[in-house]
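Trainee: Below you'll find the structure I mean.
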Amino acid sequence: MTSDRKPSHAAVTGIGMVTAAGIGAEAAWRTICAGGSTAAAPVPALAGTPADFGCAVTDFSRAGVIERRKAWRLDRSSQFAVAAAKEALADSGLDPATWDGARVAVVLGSGIGGAATWEKQHRVLLDEGARKVSSMLIPMLAINMAAGYVAMECGARGPNLVTATACASGTTAVGVARDLLRSGACDVVITGGTEACLVPSIISGFSQMGALSTRRGEPHAASRPFDRDRDGFVPAEGAAVLVLERAEDARARGARVHALVSGYGASADAHNATAPDPEGAGAELALKAALADAGIGPGDVDHVNAHGTSTPLNDIAEAKLISRALGERPAVTSVKGVLGHALGAAGAIEAAVTAMTLEHGFIPPTANLDSQDAQIEVDVVSKVGRDTHPEVAISNSFGFGGQNAVLVLTRA
(Lines give C-alpha, C1' and ligand atoms only; values in the text may rest on other atoms or scores of the structure.)
Protein backbone atom coordinates (compact mmCIF):
# COMPACT_ATOMS: atom_id res chain seq x y z
CA MET A 1 0.00 0.00 0.00
CA THR A 2 1.20 3.51 -0.75
CA SER A 3 0.70 6.73 1.17
CA ASP A 4 0.92 9.45 -1.50
CA ARG A 5 -2.60 9.15 -2.95
CA LYS A 6 -5.45 11.34 -1.77
CA PRO A 7 -8.70 9.61 -2.68
CA SER A 8 -12.12 11.02 -1.83
CA HIS A 9 -13.61 7.80 -0.56
CA ALA A 10 -12.81 5.59 2.40
CA ALA A 11 -14.09 2.04 2.25
CA VAL A 12 -15.85 0.62 5.30
CA THR A 13 -14.45 -2.92 5.31
CA GLY A 14 -15.26 -3.91 8.87
CA ILE A 15 -18.07 -3.19 11.34
CA GLY A 16 -18.35 -4.17 15.00
CA MET A 17 -21.11 -3.21 17.43
CA VAL A 18 -22.04 -3.57 21.08
CA THR A 19 -25.53 -2.19 21.76
CA ALA A 20 -28.71 -2.89 23.66
CA ALA A 21 -29.98 -4.39 20.40
CA GLY A 22 -27.47 -7.21 20.64
CA ILE A 23 -23.78 -8.05 20.67
CA GLY A 24 -22.43 -7.90 17.15
CA ALA A 25 -23.37 -5.92 14.07
CA GLU A 26 -25.70 -8.48 12.52
CA ALA A 27 -27.65 -8.99 15.75
CA ALA A 28 -28.05 -5.24 16.12
CA TRP A 29 -29.13 -4.86 12.49
CA ARG A 30 -31.87 -7.46 12.84
CA THR A 31 -33.26 -5.78 15.95
CA ILE A 32 -33.09 -2.31 14.40
CA CYS A 33 -34.92 -3.49 11.27
CA ALA A 34 -37.64 -5.11 13.39
CA GLY A 35 -38.31 -1.67 14.88
CA GLY A 36 -38.92 -2.56 18.53
CA SER A 37 -37.46 -0.44 21.33
CA THR A 38 -34.75 -1.92 23.55
CA ALA A 39 -35.52 0.39 26.48
CA ALA A 40 -36.38 -1.30 29.77
CA ALA A 41 -36.89 -0.51 33.45
CA PRO A 42 -35.42 -0.64 35.89
CA VAL A 43 -31.73 -0.46 35.04
CA PRO A 44 -30.16 -1.71 38.31
CA ALA A 45 -27.29 0.77 38.19
CA LEU A 46 -29.81 3.64 38.11
CA ALA A 47 -31.81 2.62 41.16
CA GLY A 48 -32.96 5.65 43.10
CA THR A 49 -32.53 8.12 40.25
CA PRO A 50 -35.40 10.15 38.76
CA ALA A 51 -35.13 8.17 35.51
CA ASP A 52 -34.14 4.57 36.20
CA PHE A 53 -34.73 3.21 32.70
CA GLY A 54 -32.69 3.11 29.53
CA CYS A 55 -31.23 1.02 26.74
CA ALA A 56 -28.61 -1.00 28.61
CA VAL A 57 -26.27 -3.63 27.20
CA THR A 58 -27.39 -6.66 29.18
CA ASP A 59 -25.71 -9.63 27.50
CA PHE A 60 -22.13 -8.41 27.20
CA SER A 61 -19.42 -10.81 28.29
CA ARG A 62 -15.72 -10.02 28.43
CA ALA A 63 -14.90 -13.71 28.10
CA GLY A 64 -13.07 -14.48 24.89
CA VAL A 65 -12.67 -10.78 24.13
CA ILE A 66 -10.38 -9.43 26.84
CA GLU A 67 -7.99 -11.47 28.93
CA ARG A 68 -9.28 -11.85 32.47
CA ARG A 69 -6.07 -10.51 33.99
CA LYS A 70 -6.47 -7.33 31.89
CA ALA A 71 -10.22 -6.82 32.01
CA TRP A 72 -10.37 -5.36 35.53
CA ARG A 73 -8.15 -2.50 34.34
CA LEU A 74 -10.62 -1.37 31.68
CA ASP A 75 -13.67 0.77 32.30
CA ARG A 76 -16.87 -0.59 30.78
CA SER A 77 -16.60 1.93 27.93
CA SER A 78 -13.14 0.65 27.01
CA GLN A 79 -14.34 -2.95 27.19
CA PHE A 80 -17.11 -2.13 24.71
CA ALA A 81 -14.61 -0.46 22.38
CA VAL A 82 -12.20 -3.40 22.42
CA ALA A 83 -15.01 -5.89 21.76
CA ALA A 84 -16.40 -3.84 18.86
CA ALA A 85 -12.91 -3.32 17.41
CA LYS A 86 -12.14 -7.03 17.45
CA GLU A 87 -15.37 -7.82 15.64
CA ALA A 88 -14.71 -5.08 13.08
CA LEU A 89 -11.19 -6.33 12.41
CA ALA A 90 -12.40 -9.91 11.99
CA ASP A 91 -15.09 -8.64 9.59
CA SER A 92 -12.51 -6.70 7.57
CA GLY A 93 -10.33 -9.75 6.94
CA LEU A 94 -7.23 -7.80 7.95
CA ASP A 95 -4.67 -9.62 10.10
CA PRO A 96 -2.85 -7.43 12.64
CA ALA A 97 -0.09 -10.05 12.74
CA THR A 98 0.86 -9.18 9.17
CA TRP A 99 0.36 -5.43 8.88
CA ASP A 100 2.74 -2.54 9.44
CA GLY A 101 1.36 -1.21 12.72
CA ALA A 102 2.97 2.18 12.15
CA ARG A 103 0.55 2.68 9.23
CA VAL A 104 -2.56 1.85 11.30
CA ALA A 105 -4.37 4.59 13.23
CA VAL A 106 -7.07 4.52 15.88
CA VAL A 107 -9.62 7.35 16.19
CA LEU A 108 -12.44 6.92 18.69
CA GLY A 109 -15.07 9.31 19.99
CA SER A 110 -16.49 9.54 23.50
CA GLY A 111 -18.44 12.23 25.24
CA ILE A 112 -17.57 11.40 28.83
CA GLY A 113 -15.13 8.48 29.10
CA GLY A 114 -14.87 6.28 32.17
CA ALA A 115 -18.05 7.37 33.93
CA ALA A 116 -18.69 4.09 35.73
CA THR A 117 -15.17 4.08 37.15
CA TRP A 118 -15.49 7.69 38.30
CA GLU A 119 -18.82 6.98 39.98
CA LYS A 120 -17.57 3.86 41.76
CA GLN A 121 -14.32 5.37 42.99
CA HIS A 122 -16.04 8.54 44.18
CA ARG A 123 -18.20 6.36 46.41
CA VAL A 124 -15.07 4.61 47.68
CA LEU A 125 -13.51 7.99 48.49
CA LEU A 126 -16.57 9.11 50.44
CA ASP A 127 -17.21 5.82 52.24
CA GLU A 128 -13.71 4.45 52.86
CA GLY A 129 -11.28 7.32 52.45
CA ALA A 130 -8.58 8.40 50.02
CA ARG A 131 -6.24 5.46 50.61
CA LYS A 132 -8.85 3.04 49.32
CA VAL A 133 -9.20 4.74 45.93
CA SER A 134 -7.95 2.49 43.13
CA SER A 135 -4.49 3.13 41.73
CA MET A 136 -6.08 2.50 38.31
CA LEU A 137 -8.61 5.33 38.66
CA ILE A 138 -6.90 7.74 36.28
CA PRO A 139 -6.09 5.32 33.43
CA MET A 140 -9.58 3.83 33.71
CA LEU A 141 -11.51 7.09 33.57
CA ALA A 142 -9.33 9.00 31.08
CA ILE A 143 -11.27 9.63 27.88
CA ASN A 144 -8.37 8.56 25.64
CA MET A 145 -7.94 5.09 27.13
CA ALA A 146 -10.46 3.28 24.94
CA ALA A 147 -8.41 4.22 21.88
CA GLY A 148 -5.24 3.32 23.73
CA TYR A 149 -6.46 -0.16 24.63
CA VAL A 150 -7.72 -0.83 21.10
CA ALA A 151 -4.26 0.05 19.79
CA MET A 152 -2.61 -2.24 22.35
CA GLU A 153 -4.86 -5.14 21.40
CA CYS A 154 -4.02 -5.00 17.70
CA GLY A 155 -0.59 -3.35 17.54
CA ALA A 156 -1.78 -0.12 15.90
CA ARG A 157 1.20 2.23 16.30
CA GLY A 158 0.04 5.07 14.06
CA PRO A 159 -1.87 8.18 15.19
CA ASN A 160 -4.04 7.46 18.22
CA LEU A 161 -6.72 10.09 18.70
CA VAL A 162 -9.91 10.71 20.65
CA THR A 163 -12.62 13.15 19.61
CA ALA A 164 -14.82 14.70 22.28
CA THR A 165 -17.55 16.73 20.59
CA ALA A 166 -20.34 15.68 22.97
CA CYS A 167 -23.03 13.67 21.16
CA ALA A 168 -21.30 14.27 17.83
CA SER A 169 -18.10 12.55 19.01
CA GLY A 170 -18.54 9.28 17.11
CA THR A 171 -19.35 11.03 13.84
CA THR A 172 -16.43 13.41 14.29
CA ALA A 173 -14.15 10.42 14.84
CA VAL A 174 -15.18 8.78 11.57
CA GLY A 175 -14.69 12.07 9.73
CA VAL A 176 -11.24 12.61 11.21
CA ALA A 177 -10.37 9.00 10.36
CA ARG A 178 -11.35 9.56 6.73
CA ASP A 179 -9.21 12.71 6.67
CA LEU A 180 -6.22 10.79 8.04
CA LEU A 181 -6.52 8.31 5.18
CA ARG A 182 -6.83 11.12 2.67
CA SER A 183 -3.74 12.83 4.08
CA GLY A 184 -1.60 9.74 3.57
CA ALA A 185 -0.73 9.54 7.28
CA CYS A 186 -1.92 5.95 7.47
CA ASP A 187 -3.33 3.08 5.41
CA VAL A 188 -5.92 1.70 7.83
CA VAL A 189 -7.97 3.45 10.51
CA ILE A 190 -9.92 1.75 13.28
CA THR A 191 -12.57 4.32 14.15
CA GLY A 192 -15.87 4.74 15.94
CA GLY A 193 -17.17 5.63 19.37
CA THR A 194 -17.94 4.21 22.78
CA GLU A 195 -19.91 5.27 25.84
CA ALA A 196 -21.05 3.67 29.10
CA CYS A 197 -22.76 6.40 31.09
CA LEU A 198 -25.76 4.67 32.66
CA VAL A 199 -24.65 5.80 36.12
CA PRO A 200 -26.58 7.82 38.71
CA SER A 201 -24.69 11.11 38.50
CA ILE A 202 -24.85 11.41 34.71
CA ILE A 203 -28.49 10.36 34.44
CA SER A 204 -29.51 12.60 37.34
CA GLY A 205 -27.80 15.52 35.63
CA PHE A 206 -29.66 14.97 32.39
CA SER A 207 -32.89 14.51 34.32
CA GLN A 208 -32.43 17.80 36.17
CA MET A 209 -32.00 19.51 32.82
CA GLY A 210 -35.34 18.15 31.63
CA ALA A 211 -33.62 16.35 28.73
CA LEU A 212 -34.89 12.83 29.51
CA SER A 213 -38.21 11.19 28.81
CA THR A 214 -40.33 10.72 31.92
CA ARG A 215 -42.24 7.68 30.62
CA ARG A 216 -40.97 5.32 33.29
CA GLY A 217 -44.21 3.32 33.23
CA GLU A 218 -43.79 2.48 29.55
CA PRO A 219 -40.05 2.63 28.78
CA HIS A 220 -40.48 0.74 25.50
CA ALA A 221 -42.55 3.68 24.21
CA ALA A 222 -40.41 6.47 25.64
CA SER A 223 -38.00 7.11 22.77
CA ARG A 224 -40.20 8.36 19.92
CA PRO A 225 -38.25 10.58 17.50
CA PHE A 226 -40.36 13.03 15.48
CA ASP A 227 -43.56 11.92 17.21
CA ARG A 228 -46.07 14.49 18.41
CA ASP A 229 -45.92 13.12 21.98
CA ARG A 230 -42.13 12.87 22.41
CA ASP A 231 -40.90 14.24 25.73
CA GLY A 232 -37.15 13.65 25.86
CA PHE A 233 -34.44 11.15 25.06
CA VAL A 234 -33.83 7.71 26.54
CA PRO A 235 -30.20 7.18 27.63
CA ALA A 236 -28.23 4.27 26.26
CA GLU A 237 -24.77 2.74 26.20
CA GLY A 238 -22.73 0.92 23.60
CA ALA A 239 -20.02 1.14 20.97
CA ALA A 240 -19.49 0.82 17.25
CA VAL A 241 -16.20 0.49 15.41
CA LEU A 242 -15.57 0.72 11.68
CA VAL A 243 -12.43 -0.27 9.81
CA LEU A 244 -11.63 2.23 7.07
CA GLU A 245 -9.23 1.77 4.19
CA ARG A 246 -8.66 3.59 0.93
CA ALA A 247 -11.28 2.34 -1.47
CA GLU A 248 -8.71 1.29 -4.06
CA ASP A 249 -6.67 -0.62 -1.46
CA ALA A 250 -9.76 -2.48 -0.26
CA ARG A 251 -10.75 -3.44 -3.78
CA ALA A 252 -7.21 -4.48 -4.66
CA ARG A 253 -7.20 -7.05 -1.87
CA GLY A 254 -10.72 -8.22 -2.72
CA ALA A 255 -12.26 -7.01 0.54
CA ARG A 256 -15.98 -6.85 1.17
CA VAL A 257 -16.92 -3.17 1.22
CA HIS A 258 -20.03 -2.32 3.24
CA ALA A 259 -20.19 1.28 2.01
CA LEU A 260 -18.01 4.28 1.28
CA VAL A 261 -17.42 7.31 3.50
CA SER A 262 -17.46 9.98 0.81
CA GLY A 263 -17.85 13.27 2.66
CA TYR A 264 -17.50 14.89 6.06
CA GLY A 265 -18.41 18.31 7.40
CA ALA A 266 -18.29 19.94 10.84
CA SER A 267 -19.41 23.24 12.31
CA ALA A 268 -20.47 25.05 15.47
CA ASP A 269 -23.79 26.73 16.23
CA ALA A 270 -22.18 29.41 18.40
CA HIS A 271 -25.66 29.75 19.86
CA ASN A 272 -26.27 28.05 23.22
CA ALA A 273 -24.59 25.58 25.56
CA THR A 274 -27.32 22.96 25.35
CA ALA A 275 -30.09 24.07 22.97
CA PRO A 276 -29.73 23.74 19.20
CA ASP A 277 -30.03 26.67 16.85
CA PRO A 278 -33.82 26.59 16.34
CA GLU A 279 -33.46 26.91 12.57
CA GLY A 280 -30.54 24.50 12.28
CA ALA A 281 -28.36 27.19 10.70
CA GLY A 282 -25.11 25.93 12.21
CA ALA A 283 -25.90 22.33 11.33
CA GLU A 284 -26.62 23.41 7.75
CA LEU A 285 -23.02 24.56 7.43
CA ALA A 286 -21.81 21.06 8.33
CA LEU A 287 -24.30 19.43 5.97
CA LYS A 288 -23.32 21.62 3.03
CA ALA A 289 -19.62 21.09 3.78
CA ALA A 290 -20.09 17.32 3.80
CA LEU A 291 -21.96 17.37 0.48
CA ALA A 292 -19.34 19.62 -1.11
CA ASP A 293 -16.58 17.37 0.20
CA ALA A 294 -18.28 14.37 -1.41
CA GLY A 295 -19.01 16.22 -4.65
CA ILE A 296 -22.71 15.38 -4.28
CA GLY A 297 -25.68 17.69 -4.76
CA PRO A 298 -28.60 17.98 -2.31
CA GLY A 299 -30.94 16.42 -4.86
CA ASP A 300 -28.86 13.24 -4.94
CA VAL A 301 -29.44 12.36 -1.28
CA ASP A 302 -31.78 9.38 -0.90
CA HIS A 303 -31.70 8.85 2.85
CA VAL A 304 -30.96 10.67 6.10
CA ASN A 305 -30.07 8.78 9.25
CA ALA A 306 -31.12 11.58 11.57
CA HIS A 307 -29.73 12.59 14.93
CA GLY A 308 -33.39 12.39 15.99
CA THR A 309 -33.08 12.32 19.77
CA SER A 310 -36.81 12.46 20.61
CA THR A 311 -36.40 15.82 22.33
CA PRO A 312 -38.88 18.54 21.37
CA LEU A 313 -36.33 21.14 20.27
CA ASN A 314 -33.80 18.93 18.48
CA ASP A 315 -36.26 17.06 16.30
CA ILE A 316 -37.93 20.23 15.01
CA ALA A 317 -34.62 22.00 14.34
CA GLU A 318 -33.26 18.98 12.48
CA ALA A 319 -36.44 18.56 10.44
CA LYS A 320 -36.26 22.22 9.40
CA LEU A 321 -32.66 21.70 8.36
CA ILE A 322 -33.45 18.61 6.28
CA SER A 323 -36.47 20.22 4.62
CA ARG A 324 -34.62 23.41 3.79
CA ALA A 325 -31.35 21.88 2.62
CA LEU A 326 -32.53 18.63 1.04
CA GLY A 327 -36.23 19.04 0.31
CA GLU A 328 -38.85 16.34 0.73
CA ARG A 329 -37.09 13.59 -1.25
CA PRO A 330 -34.90 11.81 1.31
CA ALA A 331 -36.42 9.10 3.48
CA VAL A 332 -35.55 9.95 7.10
CA THR A 333 -35.13 7.57 10.00
CA SER A 334 -33.83 7.72 13.56
CA VAL A 335 -32.57 4.51 15.12
CA LYS A 336 -32.71 6.12 18.56
CA GLY A 337 -36.30 4.94 18.74
CA VAL A 338 -34.84 1.42 18.99
CA LEU A 339 -31.43 2.01 20.55
CA GLY A 340 -31.91 5.11 22.70
CA HIS A 341 -29.24 7.82 22.77
CA ALA A 342 -25.73 6.53 23.40
CA LEU A 343 -24.29 10.05 23.65
CA GLY A 344 -20.70 10.10 22.32
CA ALA A 345 -21.09 6.66 20.75
CA ALA A 346 -24.36 7.47 18.97
CA GLY A 347 -22.80 8.90 15.82
CA ALA A 348 -20.53 5.90 15.33
CA ILE A 349 -23.42 3.49 15.88
CA GLU A 350 -25.49 5.43 13.37
CA ALA A 351 -22.64 5.55 10.84
CA ALA A 352 -22.43 1.76 11.10
CA VAL A 353 -26.20 1.45 10.64
CA THR A 354 -26.09 3.81 7.66
CA ALA A 355 -23.37 1.69 6.05
CA MET A 356 -25.51 -1.42 6.55
CA THR A 357 -28.56 0.41 5.19
CA LEU A 358 -26.70 1.09 1.95
CA GLU A 359 -25.31 -2.43 1.78
CA HIS A 360 -28.65 -4.15 2.36
CA GLY A 361 -30.77 -1.62 0.47
CA PHE A 362 -33.18 -1.37 3.39
CA ILE A 363 -34.05 1.72 5.47
CA PRO A 364 -35.01 0.75 9.05
CA PRO A 365 -38.15 2.23 10.63
CA THR A 366 -38.33 4.87 13.34
CA ALA A 367 -39.73 3.13 16.41
CA ASN A 368 -42.74 4.53 18.27
CA LEU A 369 -43.65 7.05 15.58
CA ASP A 370 -47.41 6.84 16.05
CA SER A 371 -48.34 10.40 15.08
CA GLN A 372 -45.78 12.58 13.34
CA ASP A 373 -45.47 16.11 14.72
CA ALA A 374 -47.25 18.51 12.35
CA GLN A 375 -44.25 20.85 12.51
CA ILE A 376 -41.99 18.12 11.10
CA GLU A 377 -42.42 18.26 7.35
CA VAL A 378 -40.08 15.52 6.18
CA ASP A 379 -40.64 11.94 5.04
CA VAL A 380 -39.98 9.92 8.19
CA VAL A 381 -39.97 6.13 7.83
CA SER A 382 -42.35 4.76 10.47
CA LYS A 383 -43.61 1.35 11.58
CA VAL A 384 -42.19 -0.64 8.65
CA GLY A 385 -38.83 -0.22 6.94
CA ARG A 386 -38.44 0.38 3.22
CA ASP A 387 -36.71 -1.64 0.50
CA THR A 388 -35.69 1.41 -1.52
CA HIS A 389 -32.00 0.63 -2.19
CA PRO A 390 -30.60 4.11 -1.46
CA GLU A 391 -27.37 5.10 -3.16
CA VAL A 392 -26.47 8.20 -1.12
CA ALA A 393 -27.10 8.66 2.59
CA ILE A 394 -26.33 11.26 5.23
CA SER A 395 -25.74 10.63 8.93
CA ASN A 396 -26.25 13.65 11.20
CA SER A 397 -24.94 14.17 14.73
CA PHE A 398 -25.31 17.22 16.95
CA GLY A 399 -24.06 17.86 20.47
CA PHE A 400 -23.97 20.21 23.44
CA GLY A 401 -21.79 23.22 22.85
CA GLY A 402 -23.30 23.57 19.39
CA GLN A 403 -21.25 20.75 17.89
CA ASN A 404 -22.37 19.57 14.44
CA ALA A 405 -20.92 16.72 12.39
CA VAL A 406 -22.26 15.20 9.19
CA LEU A 407 -21.10 12.21 7.13
CA VAL A 408 -22.00 11.39 3.55
CA LEU A 409 -21.95 7.66 2.83
CA THR A 410 -22.46 6.13 -0.58
CA ARG A 411 -23.20 2.63 -1.81
CA ALA A 412 -20.08 0.66 -2.66
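Residues are referred to by chain and number: the chain letter is A, B, ... according to the order shown in the C-alpha coordinates, the number counts from 1 in that chain, and ligands are numbered separately from 1 in the order shown.
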Would you mind writing down, as a ChimeraX atom specification, each residue of range 88-310 of chain A that DSSP on the backbone assigns to strand (DSSP E)?
Mentor: /A:104-109,160-163,188-195,238-246,259-268,303-305
Trainee: Pick out the residues sitting within 6 Å of Cys167 in chain A, and hand them over as an NGL selection string; count only C-alpha atoms, and ignore anything fewer than 2 positions along from it in its own chain.
Mentor: :A and (169 or 343-344 or 398-399)
Trainee: Export N, CA and C atoms of the chosen residues as a short mmCIF file (atom, residue, chain, number, x, y, z; two decimals), in the first residue's frame?
Mentor:
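To be explicit, this is the file written out as selection29.cif:
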data_model
loop_
_atom_site.label_atom_id
_atom_site.label_comp_id
_atom_site.auth_asym_id
_atom_site.auth_seq_id
_atom_site.Cartn_x
_atom_site.Cartn_y
_atom_site.Cartn_z
N SER A 169 -19.47 13.08 18.93
CA SER A 169 -18.10 12.55 19.01
C SER A 169 -17.83 11.40 18.05
N LEU A 343 -25.15 8.88 23.44
CA LEU A 343 -24.29 10.05 23.65
C LEU A 343 -23.10 10.05 22.68
N GLY A 344 -21.88 10.02 23.19
CA GLY A 344 -20.70 10.10 22.32
C GLY A 344 -20.53 8.94 21.37
N PHE A 398 -25.41 15.90 16.35
CA PHE A 398 -25.31 17.22 16.95
C PHE A 398 -25.09 17.07 18.45
N GLY A 399 -24.37 18.02 19.06
CA GLY A 399 -24.06 17.86 20.47
C GLY A 399 -24.06 19.17 21.24
#
Trainee: Which one of A:Ala268, A:Ala34, A:Ala273, A:Leu94 sits closest to Gly254 in chain A if you count only C-alpha atoms?
Mentor: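 Selected residue with least distance to Gly254 in chain A: A:Leu94.
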Trainee: From a DSSP pass on the backbone, collect the residues of range 76-150 of chain A flagged as alpha helix (DSSP H) and hand them back as JSON, numbers by chain.
Mentor: {"A": [76, 77, 78, 79, 80, 81, 82, 83, 84, 85, 86, 87, 88, 89, 90, 91, 92, 115, 116, 117, 118, 119, 120, 121, 122, 123, 124, 125, 126, 127, 128, 137, 138, 139, 140, 141, 145, 146, 147, 148, 149, 150]}
Trainee: With distances taken over only C-alpha atoms, which residue among A:Gly402, A:Gly299, A:Gly35, A:Gly337 lies nearest Ala236 in chain A?
Mentor: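 Smallest separation from Ala236 in chain A among the options: A:Gly337.
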Trainee: Quick one: of A:Ser135, A:Ser110, A:Thr38, A:Ser267, who's nearest to Asn404 in chain A, counting only C-alpha atoms?
Mentor: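 Once distances to Asn404 in chain A are computed over only C-alpha atoms, the minimum belongs to A:Ser267.
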Trainee: Counting only C-alpha atoms, which residue out of A:Arg131, A:Arg76, A:Lys86, A:Arg251 sits closest to Gly114 in chain A?
Mentor: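 Among A:Arg131, A:Arg76, A:Lys86, A:Arg251, it is A:Arg76 that comes nearest to Gly114 in chain A.
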Trainee: Hey, what's within 9 Å of Val82 in chain A if we count only C-alpha atoms and toss same-chain stuff fewer than 6 positions away? As a ChimeraX atom specification, please?
Mentor: /A:65-66,146-147,149-150,153,241
